[in-house]
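Heads up, the thing below is written out as structure tokens.
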Amino acid sequence: MAMQLIALLSVLILNLTSVFAATANEAYGGDINTGCPLGSDIYQYSCPQAEAIIFSWVEQAVSSDPRMAASLLRLHFHDCFVNGCDASVLLDDTQDFVGEKTAAPNLNSLRGFDVINEIKSELELVCPQTVSCADILATAARDSVVLSGGPTWEVQMGRKDSITASKVGANNNIPGPNSTVDVLVSKFENVGLTLQDMVALSGAHTIGKARCSTFSSRLQSNSISDGPFVDVEFVASLQQLCSGQGNSNRIAHLDLTTPATFDNQYYVNLLSGEGLLPSDQTLVSGNDQTRQIVETYVENPYAFFEDFKISMIRMGSLGSDAQSNGQIRRDCRTIN
């Protein structure tokens with residue numbers, strides 16, 4: 001009788017997990033490319049403390065350095081755009097292995113690796129080889145948004161960590177700061193995301209900072225290239241910050257008005273001609289469809305939050321080869 005009860009409970013748990021995954025997929029249009037079965041309660045029994053541990057470390061990191069919220073969110077972005085969300089971005093270079101950390105979009109740019117390593121170290125003590133580094137990245141990104149005043153969502157779990165990386169993929173797939181709308185749309189579509197996703201996820205630039213070298217072309221911004229969406233005083237302030245030798249590494253807030261708050265001010269700034277990166281400002285100056293979405297988000301912050309949540313789940317569910325032959329790394333920096 002006891003064995004029968006255990007078998008019945010096992011079937012019920014498996015069925016519930018399937019229902020959770022199916023419900024999430026249906027809620028977001030039924031076309032999420034998971035690449036592997038992701039679910040909401042993957043660690044409910046194997047590591048119930050996982051999300052609390054991740055949140056605690058992220059909260060501590062953001063409290064001591066508010067910019068870290070944007071850095072952790074960006075880590076997840078850069079991971080997912082290269083062969084899916086598989087934590088390949090975390091792998092170190094070795095004598096016989098080339099990772100993605102030295103790719104142009106990542107080198108001397110990505111931050112937050114130490115925070116992820118600290119989280120992983122504690123999780124390995126509590127539940128060894130259970131929580132993947134890829135799931136840590138996805139959860140830390142969500143927590144960073146929440147701690148900055150943004151929306152929350154249920155992170156789908158169950159990713160595996162890759163045993164490969166692609167520096168070429170990182171160089172080619174990750175959208176650059178000087179991208180036009182056409183280039184942005186193309187790069188998002190290449191990984192399975194839409195124009196709508198692109199505009200919504202660009203809203204992540206409501207927090208964080210960027211170096212002068214990434215927006216140097218904005219210093220020459222004029223009414224011809226940006227049309228009516230140009231703020232002469234804003235451009236002049238950037239020129240003052242970045243002009244002169246050795247100033248290319250100076251940093252500016254992506255959102256000058258509410259730099260550490262996750263809100264819709266980023267889109268308000270775009271309509272005022274105060275988008276920091278060329279790839280930001282082009283959303284209103286380079287395409288009517290993207291500008292209309294920006295205007296919607298300006299008028300309705302709730303619409304932005306809802307679309308951002310949906311797009312984060314879609315991006316976080318991008319599949320990869322790692323989901324079939326991946327592993328749960330003991331150390332996020334190295335393959336087991």
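Letters for chains follow the order of the structure tokens (A, B, ...), residue numbers begin at 1 for each chain, and ligand numbers begin at 1 in the order shown.
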Closest-contact table, region 164-228 of chain A side, partner region 103-126 of chain A, 10 Å, counting only C-alpha atoms, as a tab-separated table:
residue	atom	partner	partner_atom	distance
A:Ser166	CA	A:Ala103	CA	8.9
A:Lys167	CA	A:Ala103	CA	5.5
A:Val168	CA	A:Ala103	CA	7.5
A:Gly169	CA	A:Ala103	CA	8.8
A:Ala170	CA	A:Ala103	CA	6.1
A:Asn171	CA	A:Ala103	CA	5.7
A:Asn172	CA	A:Pro105	CA	9.3
A:Asn173	CA	A:Pro105	CA	9.7
A:Ile174	CA	A:Pro105	CA	7.0
A:Pro175	CA	A:Pro105	CA	8.4
A:Gly176	CA	A:Pro105	CA	7.2
A:Pro177	CA	A:Pro105	CA	9.3
A:Ala210	CA	A:Ser109	CA	8.9
A:Arg211	CA	A:Ser109	CA	8.9
Any chance you can output those residues with N, CA and C atoms as a tab-separated table (two decimals), in the first residue's frame?
chain	number	residue	atom	x	y	z
A	166	SER	N	30.62	30.46	-27.19
A	166	SER	CA	30.86	30.95	-28.54
A	166	SER	C	31.22	32.44	-28.52
A	167	LYS	N	32.50	32.71	-28.59
A	167	LYS	CA	32.95	34.10	-28.67
A	167	LYS	C	32.47	34.73	-29.97
A	168	VAL	N	32.47	33.96	-31.04
A	168	VAL	CA	31.98	34.45	-32.34
A	168	VAL	C	30.50	34.81	-32.22
A	169	GLY	N	29.73	33.94	-31.57
A	169	GLY	CA	28.32	34.21	-31.37
A	169	GLY	C	28.08	35.47	-30.57
A	170	ALA	N	28.88	35.68	-29.53
A	170	ALA	CA	28.75	36.88	-28.71
A	170	ALA	C	29.06	38.13	-29.53
A	171	ASN	N	30.08	38.04	-30.36
A	171	ASN	CA	30.44	39.19	-31.20
A	171	ASN	C	29.38	39.50	-32.25
A	172	ASN	N	28.72	38.46	-32.74
A	172	ASN	CA	27.77	38.64	-33.85
A	172	ASN	C	26.32	38.83	-33.42
A	173	ASN	N	25.93	38.22	-32.31
A	173	ASN	CA	24.51	38.16	-31.97
A	173	ASN	C	24.03	39.28	-31.06
A	174	ILE	N	24.89	39.77	-30.19
A	174	ILE	CA	24.47	40.76	-29.19
A	174	ILE	C	24.34	42.13	-29.85
A	175	PRO	N	23.18	42.77	-29.74
A	175	PRO	CA	22.98	44.09	-30.37
A	175	PRO	C	23.96	45.12	-29.81
A	176	GLY	N	24.52	45.92	-30.69
A	176	GLY	CA	25.47	46.94	-30.28
A	176	GLY	C	24.81	48.27	-30.00
A	177	PRO	N	25.51	49.17	-29.32
A	177	PRO	CA	24.93	50.46	-28.92
A	177	PRO	C	24.68	51.42	-30.07
A	210	ALA	N	26.41	53.80	-18.94
A	210	ALA	CA	27.16	53.43	-20.14
A	210	ALA	C	28.38	54.33	-20.28
A	211	ARG	N	29.43	53.78	-20.88
A	211	ARG	CA	30.66	54.55	-21.10
A	211	ARG	C	30.50	55.50	-22.28
Write out, as a tab-separated table, each residue of region 156-179 of chain A that has an atom at most 12 Å from region 133-149 of chain A, together with the closest pair of atoms and their distance in Å to one decimal, counting only C-alpha atoms, rows going by chain and rising number.
residue	atom	partner	partner_atom	distance
A:Gln156	CA	A:Asp135	CA	8.3
A:Met157	CA	A:Asp135	CA	5.9
A:Gly158	CA	A:Asp135	CA	6.9
A:Arg159	CA	A:Asp135	CA	5.9
A:Lys160	CA	A:Ala134	CA	6.6
A:Asp161	CA	A:Ala134	CA	5.9
A:Ser162	CA	A:Ala134	CA	8.7
A:Ile163	CA	A:Cys133	CA	11.9
Handout entry: Non-local contacts of Gln265 (chain A) (8 Å; only C-alpha atoms; under 5 positions in same chain excluded) as a PyMOL selection string
Key = chain A and resi 206+255+257-258+298
Could you save those same residues with all heavy atoms as an mmCIF file, in the first residue's frame?
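File out-v4.cif, as written:
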data_model
loop_
_atom_site.group_PDB
_atom_site.id
_atom_site.type_symbol
_atom_site.label_atom_id
_atom_site.label_comp_id
_atom_site.auth_asym_id
_atom_site.auth_seq_id
_atom_site.Cartn_x
_atom_site.Cartn_y
_atom_site.Cartn_z
ATOM 1 N N THR A 206 16.258 51.635 -18.468
ATOM 2 C CA THR A 206 15.766 52.609 -17.499
ATOM 3 C C THR A 206 16.648 52.622 -16.251
ATOM 4 O O THR A 206 16.532 53.516 -15.414
ATOM 5 C CB THR A 206 14.304 52.307 -17.113
ATOM 6 O OG1 THR A 206 13.803 53.347 -16.279
ATOM 7 C CG2 THR A 206 14.197 50.982 -16.367
ATOM 8 N N ASP A 255 19.403 56.659 -17.871
ATOM 9 C CA ASP A 255 18.204 57.450 -17.592
ATOM 10 C C ASP A 255 18.594 58.500 -16.561
ATOM 11 O O ASP A 255 18.769 58.199 -15.382
ATOM 12 C CB ASP A 255 17.086 56.542 -17.066
ATOM 13 C CG ASP A 255 15.874 57.312 -16.548
ATOM 14 O OD1 ASP A 255 15.830 58.545 -16.697
ATOM 15 O OD2 ASP A 255 14.969 56.663 -15.987
ATOM 16 N N THR A 257 16.916 60.954 -15.348
ATOM 17 C CA THR A 257 15.861 61.444 -14.461
ATOM 18 C C THR A 257 15.666 60.553 -13.241
ATOM 19 O O THR A 257 15.636 61.028 -12.098
ATOM 20 C CB THR A 257 14.533 61.560 -15.238
ATOM 21 O OG1 THR A 257 14.755 62.305 -16.443
ATOM 22 C CG2 THR A 257 13.484 62.265 -14.405
ATOM 23 N N THR A 258 15.510 59.255 -13.470
ATOM 24 C CA THR A 258 15.349 58.288 -12.363
ATOM 25 C C THR A 258 16.331 57.145 -12.600
ATOM 26 O O THR A 258 15.938 56.027 -12.945
ATOM 27 C CB THR A 258 13.901 57.762 -12.296
ATOM 28 O OG1 THR A 258 13.544 57.193 -13.570
ATOM 29 C CG2 THR A 258 12.919 58.853 -11.957
ATOM 30 N N VAL A 298 4.854 55.366 -22.743
ATOM 31 C CA VAL A 298 4.884 56.656 -22.063
ATOM 32 C C VAL A 298 3.521 56.946 -21.436
ATOM 33 O O VAL A 298 3.423 57.393 -20.286
ATOM 34 C CB VAL A 298 5.272 57.785 -23.037
ATOM 35 C CG1 VAL A 298 5.031 59.158 -22.406
ATOM 36 C CG2 VAL A 298 6.734 57.643 -23.454
#
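Atom pair CA of Tyr297 (chain A) / CA of Ala61 (chain A) has a distance of 29.2 Å (rounded to one decimal).
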Practice task
Could you give me, as a PyMOL selection string, the residues within 9 Å of Gln220 (chain A), counting only C-alpha atoms and dropping anything in the same chain fewer than 2 positions from it?
Solution key: chain A and resi 216-218+222+235+239
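Of note, CA of Gly326 (chain A) and CA of Thr130 (chain A) are spaced 12.9 Å apart.
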Problem - One-decimal distance in Å that lies between CA of Leu90 (chain A) and CA of Leu318 (chain A) - result: 17.1 Å
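If only C-alpha atoms are the atoms counted, then among A:Thr334, A:Ser285, A:Thr261, A:Ser40 the closest residue to Arg67 (chain A) is A:Thr261.
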Handout entry: For Asp280 (chain A): contacts at 10 Å, only C-alpha atoms, fewer than 6 positions along chain excluded, given as a PyMOL selection string
Key = chain A and resi 177-181+199+202-203+205+254+266-267+269-270+273-274
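Shortest separation to Thr164 (chain A) among A:Val89, A:Val294, A:Cys127, A:Leu193 occurs at residue A:Val89, atoms counted being only C-alpha atoms.
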Practice task
For each of A:Ser279, A:Gln129, A:Gln95, A:Asn83, take the minimum atom-to-atom distance to Asn190 (chain A), counting only C-alpha atoms, then give the residue where this is smallest.
Solution key: A:Asn83
Practice task
Would you please give, as a PyMOL selection string, all residues of region 114-163 of chain A that DSSP assigns to helix (DSSP H, G or I) based on the backbone?
Solution key: chain A and resi 114-126+133-147
Fill in the blank from the handout: Between A:Leu184, A:Asp86, A:Glu154, A:Ser132, smallest distance to Thr282 (chain A) by only C-alpha atoms belongs to A:Leu184
